[in-house]
$ cat target.tsv   # TSV, C-alpha atoms
chain	number	residue	atom	x	y	z
A	526	MET	CA	124.92	142.18	115.55
A	527	GLY	CA	126.62	138.85	115.32
A	528	ASN	CA	128.79	137.62	112.57
A	529	HIS	CA	127.11	137.25	109.22
A	530	PHE	CA	127.79	134.38	106.90
A	531	SER	CA	127.51	135.44	103.28
A	532	ASN	CA	126.01	132.14	102.16
A	533	CYS	CA	123.46	131.86	104.96
A	534	ILE	CA	119.92	132.82	103.95
A	535	PHE	CA	118.93	133.67	107.54
A	536	CYS	CA	121.98	135.91	108.01
A	537	LYS	CA	120.87	137.70	104.83
A	538	ILE	CA	117.35	138.15	106.21
A	539	VAL	CA	118.74	139.36	109.56
A	540	ALA	CA	120.95	141.85	107.70
A	541	GLY	CA	118.04	143.01	105.55
A	542	TRP	CA	119.67	141.76	102.34
A	543	HIS	CA	116.89	139.29	101.66
A	544	PRO	CA	113.17	140.04	101.97
A	545	ALA	CA	110.99	138.38	104.62
A	546	ARG	CA	107.60	139.13	106.14
A	547	MET	CA	108.79	140.29	109.56
A	548	VAL	CA	106.52	139.82	112.54
A	549	TYR	CA	108.85	140.63	115.45
A	550	GLU	CA	112.36	141.81	116.13
A	551	ASP	CA	114.52	142.87	119.03
A	552	ASP	CA	118.23	143.13	119.71
A	553	LEU	CA	118.73	139.34	119.88
A	554	VAL	CA	116.25	137.76	117.46
A	555	VAL	CA	114.14	138.39	114.39
A	556	ALA	CA	110.94	136.52	113.51
A	557	PHE	CA	109.20	136.25	110.16
A	558	TRP	CA	106.58	134.20	108.36
A	559	ASP	CA	107.88	130.96	106.89
A	560	ALA	CA	107.98	131.25	103.08
A	561	LYS	CA	106.44	127.78	102.84
A	562	PRO	CA	103.97	127.64	105.73
A	563	VAL	CA	102.67	124.26	106.90
A	564	ALA	CA	99.78	125.78	108.89
A	565	PRO	CA	97.74	129.02	109.16
A	566	VAL	CA	100.45	130.33	111.50
A	567	HIS	CA	104.06	129.38	110.76
A	568	ILE	CA	106.70	131.74	112.08
A	569	LEU	CA	110.45	131.26	112.23
A	570	ILE	CA	112.29	132.79	115.17
A	571	VAL	CA	115.94	133.32	114.32
A	572	PRO	CA	118.75	134.63	116.55
A	573	ARG	CA	120.71	137.46	114.97
A	574	GLU	CA	123.89	135.60	115.80
A	575	HIS	CA	124.84	132.75	113.46
A	576	ILE	CA	124.76	129.60	115.60
A	577	PRO	CA	124.41	126.49	113.38
A	578	THR	CA	122.34	124.17	115.59
A	579	LEU	CA	120.89	123.75	119.08
A	580	ASN	CA	123.96	121.62	119.86
A	581	ASP	CA	126.18	124.65	119.27
A	582	ILE	CA	124.61	127.03	121.80
A	583	PRO	CA	127.31	127.76	124.40
A	584	VAL	CA	126.30	126.69	127.93
A	585	GLU	CA	126.31	130.25	129.28
A	586	ASN	CA	124.28	131.61	126.33
A	587	VAL	CA	120.64	132.39	127.18
A	588	ILE	CA	119.44	132.72	123.58
A	589	LEU	CA	117.06	129.74	123.79
A	590	SER	CA	115.10	131.29	126.65
A	591	HIS	CA	114.90	134.49	124.68
A	592	ILE	CA	113.63	132.61	121.61
A	593	GLY	CA	110.96	130.91	123.75
A	594	GLN	CA	109.93	134.24	125.24
A	595	ALA	CA	109.68	135.74	121.74
A	596	ALA	CA	107.49	132.77	120.72
A	597	ALA	CA	105.07	133.43	123.61
A	598	ILE	CA	104.94	137.14	122.73
A	599	ILE	CA	104.35	136.47	119.02
A	600	ALA	CA	101.70	133.81	119.74
A	601	GLY	CA	99.97	136.35	121.99
A	602	GLU	CA	100.14	139.09	119.36
A	603	LEU	CA	98.80	136.76	116.67
A	604	GLY	CA	96.00	135.64	118.98
A	605	VAL	CA	96.88	131.92	119.18
A	606	ALA	CA	98.66	131.72	122.56
A	607	GLN	CA	95.57	130.34	124.33
A	608	ALA	CA	94.21	128.35	121.39
A	609	GLY	CA	97.56	126.61	121.18
A	610	TYR	CA	100.70	126.28	119.15
A	611	ARG	CA	103.73	124.11	118.77
A	612	PHE	CA	107.25	125.39	119.36
A	613	PHE	CA	109.96	123.25	117.82
A	614	ILE	CA	113.58	123.18	116.82
A	615	ASN	CA	114.87	120.67	114.30
A	616	VAL	CA	118.44	119.64	114.97
A	617	ASN	CA	120.70	118.42	112.18
A	618	GLN	CA	119.66	116.59	109.03
A	619	GLY	CA	117.98	113.61	110.67
A	620	GLY	CA	115.94	116.04	112.77
A	621	GLY	CA	114.72	117.82	109.66
A	622	GLN	CA	116.96	120.89	109.86
A	623	VAL	CA	117.34	122.48	106.43
A	624	VAL	CA	118.92	125.87	107.17
A	625	PHE	CA	121.95	125.57	109.44
A	626	HIS	CA	121.36	128.77	111.33
A	627	LEU	CA	119.56	127.99	114.59
A	628	HIS	CA	115.82	128.72	114.39
A	629	ALA	CA	112.62	127.76	116.14
A	630	HIS	CA	109.32	127.15	114.41
A	631	LEU	CA	106.11	128.45	115.90
A	632	VAL	CA	103.24	126.60	114.24
A	633	SER	CA	99.56	126.89	115.00
A	634	ARG	CA	96.70	125.17	113.28
A	635	SER	CA	94.46	127.90	114.65
A	636	ASN	CA	93.87	130.97	112.55
A	637	PRO	CA	95.37	134.27	113.72
A	638	GLY	CA	93.03	136.00	116.16
A	639	THR	CA	91.41	132.75	117.34
A	640	ASP	CA	91.97	133.67	121.00
A	641	ASN	CA	89.87	136.79	120.59
A	642	ALA	CA	87.13	135.20	118.52
A	643	PRO	CA	83.78	134.86	120.30
A	644	ASP	CA	82.85	131.32	121.38
A	645	VAL	CA	80.36	129.73	119.04
B	11	MET	CA	100.28	120.23	142.36
B	12	THR	CA	98.72	117.11	143.83
B	13	ASP	CA	96.85	116.06	140.69
B	14	CYS	CA	99.75	116.63	138.29
B	15	ILE	CA	101.21	113.40	136.88
B	16	PHE	CA	104.61	115.03	136.20
B	17	CYS	CA	104.83	116.44	139.74
B	18	LYS	CA	104.16	112.91	140.99
B	19	ILE	CA	106.92	111.48	138.78
B	20	ILE	CA	109.32	114.19	140.02
B	21	GLU	CA	108.45	113.35	143.63
B	22	GLY	CA	108.95	109.65	142.91
B	23	LYS	CA	105.30	108.82	143.64
B	24	LEU	CA	104.78	107.50	140.11
B	25	PRO	CA	107.23	105.30	138.22
B	26	ALA	CA	109.06	106.51	135.11
B	27	LYS	CA	112.09	105.33	133.18
B	28	LYS	CA	114.36	108.20	134.17
B	29	ILE	CA	117.32	108.99	131.95
B	30	TYR	CA	118.60	112.22	133.50
B	31	GLU	CA	118.01	114.50	136.45
B	32	ASP	CA	119.53	117.56	138.08
B	33	ASP	CA	118.37	120.29	140.45
B	34	GLN	CA	116.18	121.97	137.82
B	35	ALA	CA	114.86	119.24	135.53
B	36	VAL	CA	114.01	115.56	135.24
B	37	ALA	CA	114.00	113.60	131.97
B	38	PHE	CA	112.41	110.23	131.33
B	39	TRP	CA	111.25	108.02	128.47
B	40	ASP	CA	107.76	108.78	127.16
B	41	ALA	CA	105.35	106.00	128.17
B	42	ASN	CA	103.75	106.12	124.69
B	43	PRO	CA	106.72	106.81	122.43
B	44	ALA	CA	106.01	108.35	119.03
B	45	SER	CA	109.48	107.42	117.83
B	46	PRO	CA	112.27	104.96	118.80
B	47	ILE	CA	113.72	107.74	120.95
B	48	HIS	CA	111.13	109.82	122.76
B	49	ILE	CA	112.21	111.59	125.95
B	50	LEU	CA	110.30	114.12	128.02
B	51	ILE	CA	112.29	116.89	129.72
B	52	VAL	CA	110.34	118.29	132.64
B	53	PRO	CA	111.28	121.19	134.93
B	54	ARG	CA	110.93	120.43	138.65
B	55	VAL	CA	108.91	123.60	139.14
B	56	HIS	CA	105.25	123.34	138.09
B	57	ILE	CA	104.78	125.85	135.27
B	58	PRO	CA	101.68	125.03	133.17
B	59	THR	CA	102.79	126.13	129.69
B	60	LEU	CA	105.55	127.86	127.74
B	61	ASN	CA	103.40	131.01	127.94
B	62	ASP	CA	103.78	130.97	131.73
B	63	ILE	CA	107.58	131.04	131.99
B	64	PRO	CA	108.40	134.32	133.78
B	65	ASP	CA	110.33	136.96	131.82
B	66	GLY	CA	114.05	136.56	132.18
B	67	ASP	CA	113.79	132.99	133.47
B	68	THR	CA	116.48	130.81	131.89
B	69	LEU	CA	114.61	127.53	132.37
B	70	LEU	CA	114.14	126.94	128.64
B	71	CYS	CA	117.92	127.30	128.10
B	72	HIS	CA	118.44	124.63	130.69
B	73	MET	CA	115.89	122.33	129.05
B	74	GLY	CA	117.67	122.80	125.73
B	75	GLU	CA	121.00	122.05	127.39
B	76	VAL	CA	119.55	118.86	128.90
B	77	ALA	CA	118.16	117.86	125.48
B	78	LYS	CA	121.57	118.35	123.92
B	79	ARG	CA	123.26	116.22	126.61
B	80	ILE	CA	120.73	113.41	126.33
B	81	ALA	CA	120.95	113.46	122.52
B	82	GLN	CA	124.75	113.16	122.87
B	83	ASP	CA	124.44	110.33	125.39
B	84	LEU	CA	122.03	108.45	123.10
B	85	GLY	CA	124.30	109.07	120.10
B	86	VAL	CA	121.80	111.08	118.03
B	87	ALA	CA	123.10	114.63	118.53
B	88	GLU	CA	124.90	114.60	115.18
B	89	SER	CA	122.49	112.44	113.18
B	90	GLY	CA	119.61	114.60	114.33
B	91	TYR	CA	116.68	115.04	116.65
B	92	ARG	CA	113.69	117.25	117.19
B	93	PHE	CA	113.12	119.38	120.30
B	94	PHE	CA	109.56	120.56	120.73
B	95	ILE	CA	107.08	121.99	123.18
B	96	ASN	CA	103.34	121.75	122.67
B	97	VAL	CA	101.51	124.74	124.04
B	98	ASN	CA	97.89	124.50	125.13
B	99	LYS	CA	95.24	122.17	123.78
B	100	GLY	CA	95.33	123.30	120.15
B	101	GLY	CA	99.10	122.84	120.20
B	102	GLY	CA	98.73	119.24	121.37
B	103	GLN	CA	99.59	119.76	125.05
B	104	VAL	CA	98.08	116.99	127.17
B	105	VAL	CA	99.82	117.39	130.54
B	106	PHE	CA	99.73	120.96	131.80
B	107	HIS	CA	103.13	120.92	133.41
B	108	LEU	CA	105.65	122.44	130.99
B	109	HIS	CA	107.71	119.80	129.19
B	110	ALA	CA	109.83	119.46	126.09
B	111	HIS	CA	109.87	116.40	123.85
B	112	LEU	CA	113.11	115.09	122.40
B	113	ILE	CA	112.42	112.69	119.56
B	114	SER	CA	114.71	110.96	117.16
B	115	GLY	CA	113.93	108.22	114.72
B	116	ASN	CA	116.51	105.63	113.98
B	117	ASP	CA	117.22	105.53	110.28
B	118	LEU	CA	116.36	101.84	109.98
B	119	GLY	CA	113.53	102.47	107.52
B	120	THR	CA	115.67	104.36	105.04
B	121	PHE	CA	118.57	101.99	105.78
B	122	PHE	CA	116.55	98.98	104.56
B	123	ILE	CA	115.36	100.88	101.46
B	124	LYS	CA	118.97	101.80	100.67
B	125	VAL	CA	120.10	98.19	101.14
B	126	ALA	CA	117.28	97.01	98.85
B	127	ILE	CA	118.20	99.51	96.11
B	128	ILE	CA	121.93	98.73	96.33
B	129	GLY	CA	121.14	95.00	96.40
B	130	ALA	CA	118.92	95.20	93.30
B	131	THR	CA	121.53	97.27	91.44
B	132	LEU	CA	124.34	94.85	92.31
B	133	TRP	CA	122.15	91.87	91.38
B	134	ARG	CA	121.39	93.38	87.94
B	135	LYS	CA	125.10	94.11	87.44
B	136	LEU	CA	125.99	90.57	88.40
B	137	LEU	CA	123.39	89.18	86.02
B	138	SER	CA	124.67	91.36	83.18
B	139	ILE	CA	128.27	90.28	83.89
B	140	LEU	CA	127.20	86.64	83.86
B	141	GLY	CA	125.18	87.29	80.72
B	142	ALA	CA	122.15	85.89	82.45
B	143	ASP	CA	119.78	88.77	81.79
B	144	GLY	CA	119.73	88.24	78.01
B	145	THR	CA	121.43	91.51	77.06
B	146	ARG	CA	124.90	90.02	76.81
B	147	ARG	CA	123.83	87.05	74.73
B	148	LYS	CA	123.14	89.25	71.76
B	149	ASN	CA	126.85	90.21	71.55

$ encode --input "target.tsv" --output "structure tokens"
Amino acid sequence: MGNHFSNCIFCKIVAGWHPARMVYEDDLVVAFWDAKPVAPVHILIVPREHIPTLNDIPVENVILSHIGQAAAIIAGELGVAQAGYRFFINVNQGGGQVVFHLHAHLVSRSNPGTDNAPDV
Amino acid sequence: MTDCIFCKIIEGKLPAKKIYEDDQAVAFWDANPASPIHILIVPRVHIPTLNDIPDGDTLLCHMGEVAKRIAQDLGVAESGYRFFINVNKGGGQVVFHLHAHLISGNDLGTFFIKVAIIGATLWRKLLSILGADGTRRKN
């Protein structure tokens, strides 16, 4: 799927050439735990296709909706969809983008399974 | 939704500093900006959270496309911006009508630091050339 860039770390993860703690994958995206998490839940959702930034998504491409849908599914599976999470995309250097292969962060300060935990 | 502040803004019943609108979404400046550029992109249809977007709906694509256009119009698409959606209370969502934030800081802070560093370096160089910092006098 997609065209792989040999020097792109996310392309390597998508291709299985670099290890990552996978949490979800389908024909359009893969999602894995961030190697340097900033919260109890920190997942990166990465399209298989190498698109550098949000600015570079072609108008007719529906990848962003698919990424958002994957985020809702993953948040549900991890049990933080109701507790709450933040979905964000950093765009270019000033926006905090470090890896130039489009990706969304799913971050939750709630611990996995919080949705299912009994109310105290 | 009669009690939804974003529905009221969309209907024109509440004021907002609009920056963009089309048949699917409205975008306006955040009333309490967290950054020099802070825009809210709101779909016209009342969907409470990201979790509630129906499967196969391309609304989020459209919101991303609007973010991109606004970032280009404001001249921050290349320098950088952040596109985010808070989901539910623990995710920081306050208004339960789906919306995306577009924020971008101007680089004024780092600009002034850079100017200060360059200024200090040039000043020291000038002093050393003039022999005013004491190091040259020994020669």

$ interface_residues --input "target.tsv" --of "chain A" --to "chain B" --cutoff "7 Å" --atoms "all atoms listed in the file" --output "list in words"
Asn580, Val587, Leu589, Ser590, Ala597, Gln607, Ala608, Gly609, Tyr610, Arg611, Phe612, Phe613, Ile614, Asn615, Val616, Asn617, Gln618, Gly619, Gly620 and Ser633 of chain A

$ atom_distance --input "target.tsv" --atom1 "atom CA of His630 of chain A" --atom2 "atom CA of Ala545 of chain A"
15.0 Å

$ residues_around --input "target.tsv" --residues "segment 14-29 of chain B" --least-positions-apart "4" --cutoff "12 Å" --atoms "only C-alpha atoms" --output "PyMOL selection string"
chain B and resi 33-42+47-58+76-77+79-81+83-84+104-109

$ atom_distance --input "target.tsv" --atom1 "atom CA of Lys561 of chain A" --atom2 "atom CA of Val539 of chain A"
18.2 Å

$ atom_distance --input "target.tsv" --atom1 "atom CA of Val555 of chain A" --atom2 "atom CA of Leu579 of chain A"
16.8 Å

$ residues_around --input "target.tsv" --residues "Leu603 of chain A" --least-positions-apart "6" --cutoff "12 Å" --atoms "all atoms listed in the file" --output "PyMOL selection string"
chain A and resi 548-549+558+565-568+596-597+609-610+631-633+635-642

$ closest_residue --input "target.tsv" --among "A:Arg634, A:Ile570, A:Val563, A:Val554" --to "Gly604 of chain A" --atoms "all atoms listed in the file"
A:Arg634

$ decode --input "target.tsv" --residues "chain B" --atoms "C-alpha atoms" --output "short mmCIF file (atom, residue, chain, number, x, y, z; two decimals), in the first residue's frame"
data_model
loop_
_atom_site.label_atom_id
_atom_site.label_comp_id
_atom_site.auth_asym_id
_atom_site.auth_seq_id
_atom_site.Cartn_x
_atom_site.Cartn_y
_atom_site.Cartn_z
CA MET B 11 -30.52 22.44 19.30
CA THR B 12 -32.02 25.50 20.95
CA ASP B 13 -29.59 25.65 23.86
CA CYS B 14 -26.45 25.10 21.78
CA ILE B 15 -24.23 28.19 21.52
CA PHE B 16 -22.67 27.02 18.23
CA CYS B 17 -26.08 26.34 16.66
CA LYS B 18 -27.02 29.90 17.63
CA ILE B 19 -23.86 31.30 16.03
CA ILE B 20 -24.55 29.28 12.86
CA GLU B 21 -28.11 30.63 12.75
CA GLY B 22 -26.80 34.16 13.27
CA LYS B 23 -28.60 34.54 16.62
CA LEU B 24 -25.31 35.08 18.44
CA PRO B 25 -22.46 37.24 17.21
CA ALA B 26 -19.09 35.77 16.20
CA LYS B 27 -16.12 37.03 14.21
CA LYS B 28 -16.65 34.78 11.21
CA ILE B 29 -13.69 34.06 8.97
CA TYR B 30 -15.12 31.42 6.64
CA GLU B 31 -18.35 29.66 5.81
CA ASP B 32 -19.75 27.24 3.27
CA ASP B 33 -22.69 24.85 3.05
CA GLN B 34 -21.18 22.39 5.54
CA ALA B 35 -19.14 24.41 8.03
CA VAL B 36 -18.69 27.79 9.67
CA ALA B 37 -15.40 29.07 11.09
CA PHE B 38 -14.90 31.98 13.47
CA TRP B 39 -12.34 33.41 15.87
CA ASP B 40 -12.39 31.88 19.36
CA ALA B 41 -13.78 34.39 21.87
CA ASN B 42 -11.08 33.37 24.39
CA PRO B 43 -8.07 32.75 22.17
CA ALA B 44 -5.32 30.51 23.55
CA SER B 45 -2.92 31.73 20.89
CA PRO B 46 -2.59 34.73 18.50
CA ILE B 47 -4.46 32.66 15.92
CA HIS B 48 -7.28 30.58 17.35
CA ILE B 49 -10.12 29.63 15.01
CA LEU B 50 -13.01 27.26 15.62
CA ILE B 51 -14.28 25.20 12.68
CA VAL B 52 -17.84 24.08 13.31
CA PRO B 53 -20.03 21.84 11.14
CA ARG B 54 -23.52 23.22 10.49
CA VAL B 55 -25.05 19.92 11.55
CA HIS B 56 -25.27 19.40 15.33
CA ILE B 57 -23.10 16.37 16.11
CA PRO B 58 -22.07 16.29 19.79
CA THR B 59 -18.59 14.75 19.60
CA LEU B 60 -16.06 13.14 17.26
CA ASN B 61 -17.37 9.78 18.54
CA ASP B 62 -20.77 10.59 17.05
CA ILE B 63 -19.75 11.16 13.42
CA PRO B 64 -21.56 8.44 11.43
CA ASP B 65 -19.43 5.82 9.69
CA GLY B 66 -18.46 6.85 6.20
CA ASP B 67 -19.31 10.52 6.80
CA THR B 68 -16.66 12.75 5.23
CA LEU B 69 -17.32 15.73 7.50
CA LEU B 70 -13.92 15.54 9.20
CA CYS B 71 -12.20 15.68 5.78
CA HIS B 72 -14.10 18.83 5.06
CA MET B 73 -13.14 20.36 8.41
CA GLY B 74 -9.49 19.56 7.66
CA GLU B 75 -9.84 21.12 4.22
CA VAL B 76 -11.34 24.27 5.77
CA ALA B 77 -8.48 24.39 8.32
CA LYS B 78 -5.94 24.15 5.51
CA ARG B 79 -7.62 26.98 3.57
CA ILE B 80 -7.85 29.26 6.60
CA ALA B 81 -4.22 28.54 7.54
CA GLN B 82 -3.25 29.48 3.96
CA ASP B 83 -5.35 32.66 4.07
CA LEU B 84 -3.78 33.67 7.40
CA GLY B 85 -0.30 32.87 6.08
CA VAL B 86 0.55 30.14 8.61
CA ALA B 87 0.07 26.99 6.51
CA GLU B 88 3.81 26.68 5.87
CA SER B 89 5.14 28.03 9.16
CA GLY B 90 2.83 25.69 11.04
CA TYR B 91 -0.37 25.24 12.97
CA ARG B 92 -2.16 22.73 15.12
CA PHE B 93 -5.52 21.16 14.26
CA PHE B 94 -7.26 19.54 17.20
CA ILE B 95 -10.55 18.23 18.45
CA ASN B 96 -11.30 17.78 22.13
CA VAL B 97 -13.56 14.85 22.80
CA ASN B 98 -15.77 14.71 25.88
CA LYS B 99 -15.10 16.31 29.24
CA GLY B 100 -11.82 14.55 30.03
CA GLY B 101 -10.55 15.59 26.61
CA GLY B 102 -11.31 19.25 27.33
CA GLN B 103 -14.53 19.57 25.31
CA VAL B 104 -16.66 22.41 26.64
CA VAL B 105 -19.28 22.92 23.91
CA PHE B 106 -20.93 19.68 22.88
CA HIS B 107 -21.30 20.55 19.23
CA LEU B 108 -18.39 19.02 17.31
CA HIS B 109 -15.68 21.57 16.49
CA ALA B 110 -12.03 21.65 15.54
CA HIS B 111 -9.54 24.20 16.82
CA LEU B 112 -6.94 25.70 14.52
CA ILE B 113 -4.22 27.39 16.53
CA SER B 114 -0.99 28.98 15.49
CA GLY B 115 1.37 31.07 17.53
CA ASN B 116 3.25 33.85 15.89
CA ASP B 117 6.95 33.36 16.38
CA LEU B 118 7.41 36.75 18.04
CA GLY B 119 8.68 35.24 21.30
CA THR B 120 11.47 33.28 19.67
CA PHE B 121 12.05 36.17 17.24
CA PHE B 122 12.90 38.55 20.11
CA ILE B 123 15.15 35.94 21.76
CA LYS B 124 16.99 35.46 18.46
CA VAL B 125 17.38 39.23 18.02
CA ALA B 126 18.72 39.51 21.58
CA ILE B 127 21.27 36.72 21.04
CA ILE B 128 22.42 38.10 17.67
CA GLY B 129 22.56 41.60 19.16
CA ALA B 130 24.69 40.49 22.13
CA THR B 131 27.04 38.54 19.84
CA LEU B 132 27.46 41.48 17.47
CA TRP B 133 27.98 43.86 20.40
CA ARG B 134 30.74 41.64 21.84
CA LYS B 135 32.36 41.41 18.39
CA LEU B 136 32.21 45.16 18.01
CA LEU B 137 33.74 45.67 21.45
CA SER B 138 36.54 43.22 20.67
CA ILE B 139 37.22 44.96 17.33
CA LEU B 140 37.35 48.32 19.09
CA GLY B 141 39.52 46.79 21.79
CA ALA B 142 37.07 48.00 24.37
CA ASP B 143 36.53 44.71 26.17
CA GLY B 144 40.11 44.51 27.48
CA THR B 145 41.15 41.42 25.51
CA ARG B 146 42.74 43.37 22.67
CA ARG B 147 44.69 45.69 24.92
CA LYS B 148 46.97 42.89 26.00
CA ASN B 149 48.27 42.51 22.42
#
